[in-house]
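Written below as structure tokens is the structure these notes are about.
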Amino acid sequence: MDDRHTAAAPATPGPLAGFTVGVTAARRADELIALLRRRGATVVHAPALRIVPLADDSELLAATKELIGCAPDTVVATTAIGFRGWIEAADGWGIGEELLTRLRATELLARGPKVKGAVRAAGLVETWSPQSESLAEVLDRMLAGGVAGRRIALQLHGEPLPGFVEALRAGGAEVVVVPVYRWMAPEDLAPMDRLLDAVAAGVGTIDAVSFTSAPAAASLLARAEERGMGEAVLAGLRGDVLSACVGPVTALPLQARGVDTVQPERFRLGPLVQLLCQELPGRARVLPVAGHRVEIRGHAVLVDTELRPVPPAGMALLRALARRPGWVVGRAELLRALPGAGRDEHAVETAMARLRGALGAANLIQTVVKRGYRLALDAGDCSPAHR
């Protein structure tokens, strides 16, 4: 058989096709966006933070000089990129060798294999490192050995670790925090404002927001309060908009405001994207309509295996019909579901015609004369009475 004349099978839409995901990350945003788009997602990038350049960071410089002047007993390196950035910044200030000399003479704890690699790349050798990459395990080891009277330097990476610091201080330690990569509000607030507007609008505008740091989550909520839309944004996040966090620390600012979150078992970007690939399709409404499998996603409909983009007005009508599949929904109710439609029921007819065209199968939605419209739910999947 000559395969040159065989029609190619249509590509299967990705698991995130038809969904819109907000990305609040500043660092590694390109990597996260690429992973999401590769799986079909539409991405709205709205950095909730910006990183203070290390060379300009007076707080990091002051902490580094303090540790060179008064040596710590223990240094805890928490992230590979943060530790590398600290050493590079010290080199740029002309005090790199002095810092390395101090670090060689101290107990150096590295949180996990990646951090251990950064430590060794700097010509240092760690005293101990857990396999789990768990800061809790690092803390447990330190407390078990006793920290009273010890001077401990904790390298941070953008996020404060209040529970960690407080536990050490409660044990009698002096803690010096080394704030590598501090966060500030973004210079351009417009993308974050657009994301907040989408979250407040809810279903059909944005389906999920991803968070990779606690400061990003806190910054987004703070900006919502500044704009007077805090409750509207929280309502969206507590409702139809999924909050996906890379880990439990990142989720804390959201959970403190009553927002449920989902988190992968492994605190990495890849597992975070895989989690979204499970959660968002799992939330989609799936109905057997006129012999077709209809899956209603964020801004598109999967009809059997074909993804059909649908305008916002059409999605509003489809969701109104899907709330009572197989039942007649009157024009007045459908008009109320239309965004900004006013009082003219003719707007329903116009939007319905466009919806049918977008779906590519007019028989999915039936017109019931003088009453309204209904989804043509397959027999056996709804009660015919009361329709």
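Chain lettering (A, B, ...) mirrors the order of the structure tokens, residue numbering begins at 1 for each chain separately, and ligand numbering begins at 1 in order of display.
Assigned to strand (DSSP E) in segment 78-185 of chain A, given DSSP computed from backbone atoms, are Glu107, Leu108, Leu109, Ala110, Arg151, Ile152, Ala153, Leu154, Gln155, Leu156, His157, Glu174, Val175, Val176, Val177, Val178, Pro179, Val180, Trp183 and Met184 of chain A.
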What would the file look like if the residues just selected were written as a compact mmCIF listing (two decimals), in the first residue's frame with N, CA, C and O atoms?
```txt
# COMPACT_ATOMS: atom_id res chain seq x y z
N GLU A 107 30.94 24.89 59.52
CA GLU A 107 30.07 23.76 59.20
C GLU A 107 29.12 24.21 58.09
O GLU A 107 28.39 25.19 58.26
N LEU A 108 29.13 23.52 56.97
CA LEU A 108 28.35 23.92 55.81
C LEU A 108 27.31 22.86 55.50
O LEU A 108 27.65 21.72 55.12
N LEU A 109 26.04 23.20 55.70
CA LEU A 109 24.94 22.27 55.44
C LEU A 109 24.26 22.65 54.12
O LEU A 109 23.90 23.81 53.92
N ALA A 110 24.12 21.67 53.22
CA ALA A 110 23.54 21.92 51.89
C ALA A 110 22.21 21.17 51.78
O ALA A 110 22.17 19.95 52.00
N ARG A 151 26.24 30.64 66.19
CA ARG A 151 25.94 31.68 65.20
C ARG A 151 25.70 30.99 63.86
O ARG A 151 26.61 30.36 63.31
N ILE A 152 24.48 31.11 63.35
CA ILE A 152 24.07 30.37 62.15
C ILE A 152 23.69 31.34 61.05
O ILE A 152 22.87 32.24 61.25
N ALA A 153 24.28 31.16 59.87
CA ALA A 153 23.94 31.97 58.70
C ALA A 153 23.01 31.15 57.81
O ALA A 153 23.31 30.00 57.47
N LEU A 154 21.89 31.74 57.42
CA LEU A 154 20.88 31.06 56.60
C LEU A 154 20.75 31.79 55.27
O LEU A 154 20.31 32.94 55.22
N GLN A 155 21.18 31.12 54.20
CA GLN A 155 21.06 31.71 52.85
C GLN A 155 19.63 31.57 52.36
O GLN A 155 19.12 30.46 52.19
N LEU A 156 18.96 32.69 52.17
CA LEU A 156 17.58 32.70 51.66
C LEU A 156 17.60 32.87 50.15
O LEU A 156 18.58 33.33 49.57
N HIS A 157 16.49 32.51 49.53
CA HIS A 157 16.37 32.70 48.08
C HIS A 157 15.02 33.33 47.78
O HIS A 157 14.09 32.68 47.32
N GLU A 174 21.97 32.38 67.41
CA GLU A 174 21.96 33.69 66.77
C GLU A 174 21.88 33.42 65.27
O GLU A 174 22.72 32.71 64.72
N VAL A 175 20.86 33.98 64.61
CA VAL A 175 20.64 33.69 63.19
C VAL A 175 20.91 34.94 62.35
O VAL A 175 20.34 36.01 62.63
N VAL A 176 21.76 34.80 61.36
CA VAL A 176 22.03 35.87 60.39
C VAL A 176 21.44 35.42 59.06
O VAL A 176 21.86 34.39 58.52
N VAL A 177 20.47 36.15 58.53
CA VAL A 177 19.88 35.78 57.24
C VAL A 177 20.67 36.44 56.12
O VAL A 177 21.08 37.60 56.23
N VAL A 178 20.87 35.69 55.06
CA VAL A 178 21.60 36.17 53.88
C VAL A 178 20.59 36.24 52.74
O VAL A 178 20.28 35.24 52.11
N PRO A 179 20.05 37.43 52.47
CA PRO A 179 18.90 37.56 51.55
C PRO A 179 19.32 37.61 50.08
O PRO A 179 19.41 38.69 49.49
N VAL A 180 19.60 36.45 49.50
CA VAL A 180 19.96 36.39 48.08
C VAL A 180 18.68 36.51 47.24
O VAL A 180 17.67 35.85 47.54
N TRP A 183 12.87 40.08 46.48
CA TRP A 183 11.78 40.40 45.56
C TRP A 183 11.22 41.79 45.83
O TRP A 183 11.17 42.25 46.97
N MET A 184 10.76 42.43 44.77
CA MET A 184 10.02 43.69 44.88
C MET A 184 8.86 43.63 43.89
O MET A 184 8.81 42.76 43.03
```
Fewer than 6 positions away in the same chain doesn't count, so skip those; otherwise give me all residues within 12 Å of Gly340 of chain A, counting only C-alpha atoms, as a PDB file with N, CA and C atoms, in the first residue's frame.
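Below is the file selection-v4.pdb, written as the result:
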```
ATOM      1  N   PRO A 312     -16.456  34.217  23.760  1.00  0.00           N
ATOM      2  CA  PRO A 312     -16.943  34.310  25.149  1.00  0.00           C
ATOM      3  C   PRO A 312     -18.466  34.272  25.273  1.00  0.00           C
ATOM      4  N   ALA A 313     -19.169  34.964  24.371  1.00  0.00           N
ATOM      5  CA  ALA A 313     -20.638  34.955  24.462  1.00  0.00           C
ATOM      6  C   ALA A 313     -21.171  33.545  24.247  1.00  0.00           C
ATOM      7  N   ALA A 316     -20.653  31.434  27.294  1.00  0.00           N
ATOM      8  CA  ALA A 316     -21.616  31.781  28.347  1.00  0.00           C
ATOM      9  C   ALA A 316     -22.946  31.068  28.107  1.00  0.00           C
ATOM     10  N   LEU A 334     -31.108  32.938  29.205  1.00  0.00           N
ATOM     11  CA  LEU A 334     -29.894  32.956  28.396  1.00  0.00           C
ATOM     12  C   LEU A 334     -29.395  34.381  28.188  1.00  0.00           C
ATOM     13  N   ALA A 347     -30.114  39.324  20.795  1.00  0.00           N
ATOM     14  CA  ALA A 347     -28.703  39.047  21.056  1.00  0.00           C
ATOM     15  C   ALA A 347     -28.479  37.568  21.331  1.00  0.00           C
ATOM     16  N   VAL A 348     -29.477  36.910  21.938  1.00  0.00           N
ATOM     17  CA  VAL A 348     -29.368  35.477  22.198  1.00  0.00           C
ATOM     18  C   VAL A 348     -29.338  34.708  20.885  1.00  0.00           C
TER      19      VAL A 348
END
```
Worksheet item: Do you know which residues are at most 9 Å from Thr64 of chain A counting only C-alpha atoms, after dropping those on the same chain fewer than 3 positions away, and could you put them as a ChimeraX atom specification?
Response: /A:59-61,67-69,86,90,95,99,178
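Summary of the local environment: counting only C-alpha atoms, residues at most 7 Å from segment 226-237 of chain A, other than itself and those fewer than 6 positions away along its chain, are Leu196, Val199, Ala200, Gly202, Ser243 and Val259 of chain A.
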Worksheet item: Leaving out Ala29 of chain A and any residue of its chain fewer than 4 positions from it, which residues lie within 10 Å of it when counting only C-alpha atoms, given as an NGL selection string?
Response: :A and (23-25 or 33-35 or 45-47 or 212 or 269)
Practice prompt. Skip Glu306 of chain A itself and residues of its chain fewer than 5 positions away, then list as a ChimeraX atom specification all residues within 12 Å of it, counting only C-alpha atoms.
Written response: /A:9-14,17-18,292-296,300-301,358-361
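Among the candidate residues A:Ala214, A:Val262, A:Val368, A:Ala105, the one lying nearest to Glu279 of chain A is A:Val262, with distances computed using only C-alpha atoms.
As for atom CA of Ala332 of chain A and atom CA of His346 of chain A, they are spaced 10.4 Å apart.
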Can you list, as a JSON list (two decimals) with N, CA and C atoms, in the first residue's frame, every protein, DNA or RNA residue that comes within 9 Å of Gly372 of chain A when you count only C-alpha atoms, leaving out same-chain residues fewer than 6 positions away?
```
[["chain", "number", "residue", "atom", "x", "y", "z"],
["A", 328, "VAL", "N", -35.01, 22.57, 28.64],
["A", 328, "VAL", "CA", -35.16, 23.82, 27.89],
["A", 328, "VAL", "C", -34.75, 24.99, 28.78],
["A", 329, "VAL", "N", -33.93, 25.86, 28.23],
["A", 329, "VAL", "CA", -33.52, 27.08, 28.94],
["A", 329, "VAL", "C", -34.09, 28.25, 28.15],
["A", 330, "GLY", "N", -34.89, 29.08, 28.80],
["A", 330, "GLY", "CA", -35.58, 30.17, 28.13],
["A", 330, "GLY", "C", -34.64, 31.27, 27.66],
["A", 331, "ARG", "N", -35.12, 32.03, 26.68],
["A", 331, "ARG", "CA", -34.30, 33.11, 26.13],
["A", 331, "ARG", "C", -33.97, 34.19, 27.18],
["A", 332, "ALA", "N", -34.92, 34.45, 28.07],
["A", 332, "ALA", "CA", -34.67, 35.47, 29.08],
["A", 332, "ALA", "C", -33.51, 35.07, 30.00],
["A", 334, "LEU", "N", -31.11, 32.94, 29.21],
["A", 334, "LEU", "CA", -29.89, 32.96, 28.40],
["A", 334, "LEU", "C", -29.40, 34.38, 28.19],
["A", 366, "GLN", "N", -30.65, 22.25, 20.22],
["A", 366, "GLN", "CA", -31.98, 22.26, 19.60],
["A", 366, "GLN", "C", -32.73, 23.54, 19.96]]
```
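Picture a line from atom CA of Ala320 of chain A to atom CA of Pro281 of chain A; it runs 19.2 Å.
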Item to complete: Would you mind telling me which residue in A:Arg336, A:Arg238, A:Arg120, A:His299 lies nearest to Leu355 of chain A when using only C-alpha atoms?
Response: A:His299
Can you check which parts of segment 40-96 of chain A lie within 12 Å of segment 125-144 of chain A? Per residue, the shortest pair of atoms and distance in Å to one decimal, counting only C-alpha atoms, sorted by chain and number, as a tab-separated table.
```
residue	atom	partner	partner_atom	distance
A:Asp73	CA	A:Met142	CA	11.7
A:Thr74	CA	A:Met142	CA	9.5
A:Val75	CA	A:Glu126	CA	9.7
A:Val76	CA	A:Val138	CA	8.5
A:Ala77	CA	A:Glu126	CA	9.4
A:Thr78	CA	A:Leu135	CA	7.6
A:Thr79	CA	A:Glu133	CA	9.6
A:Ala80	CA	A:Glu133	CA	11.3
```
Worksheet item: Which is closest to Leu195 of chain A among A:Pro15, A:Pro339, A:Gly247, A:Gly22, if we use only C-alpha atoms?
Response: A:Gly22
Discussion item. I need the residue nearest Thr205 of chain A from this list: A:Arg223, A:Arg297, A:Arg102, A:Lys116. Use only C-alpha atoms for the distance.
Written reply: A:Arg297
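Nearest to Met192 of chain A of all the residues A:Glu349, A:Val44, A:Ala121, A:Val310 is A:Val44, counting only C-alpha atoms.
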Practice prompt. Using only C-alpha atoms, find the one residue out of A:Val43, A:Ala337, A:Leu317, A:Leu302 that sits nearest to Ser210 of chain A.
Written response: A:Val43
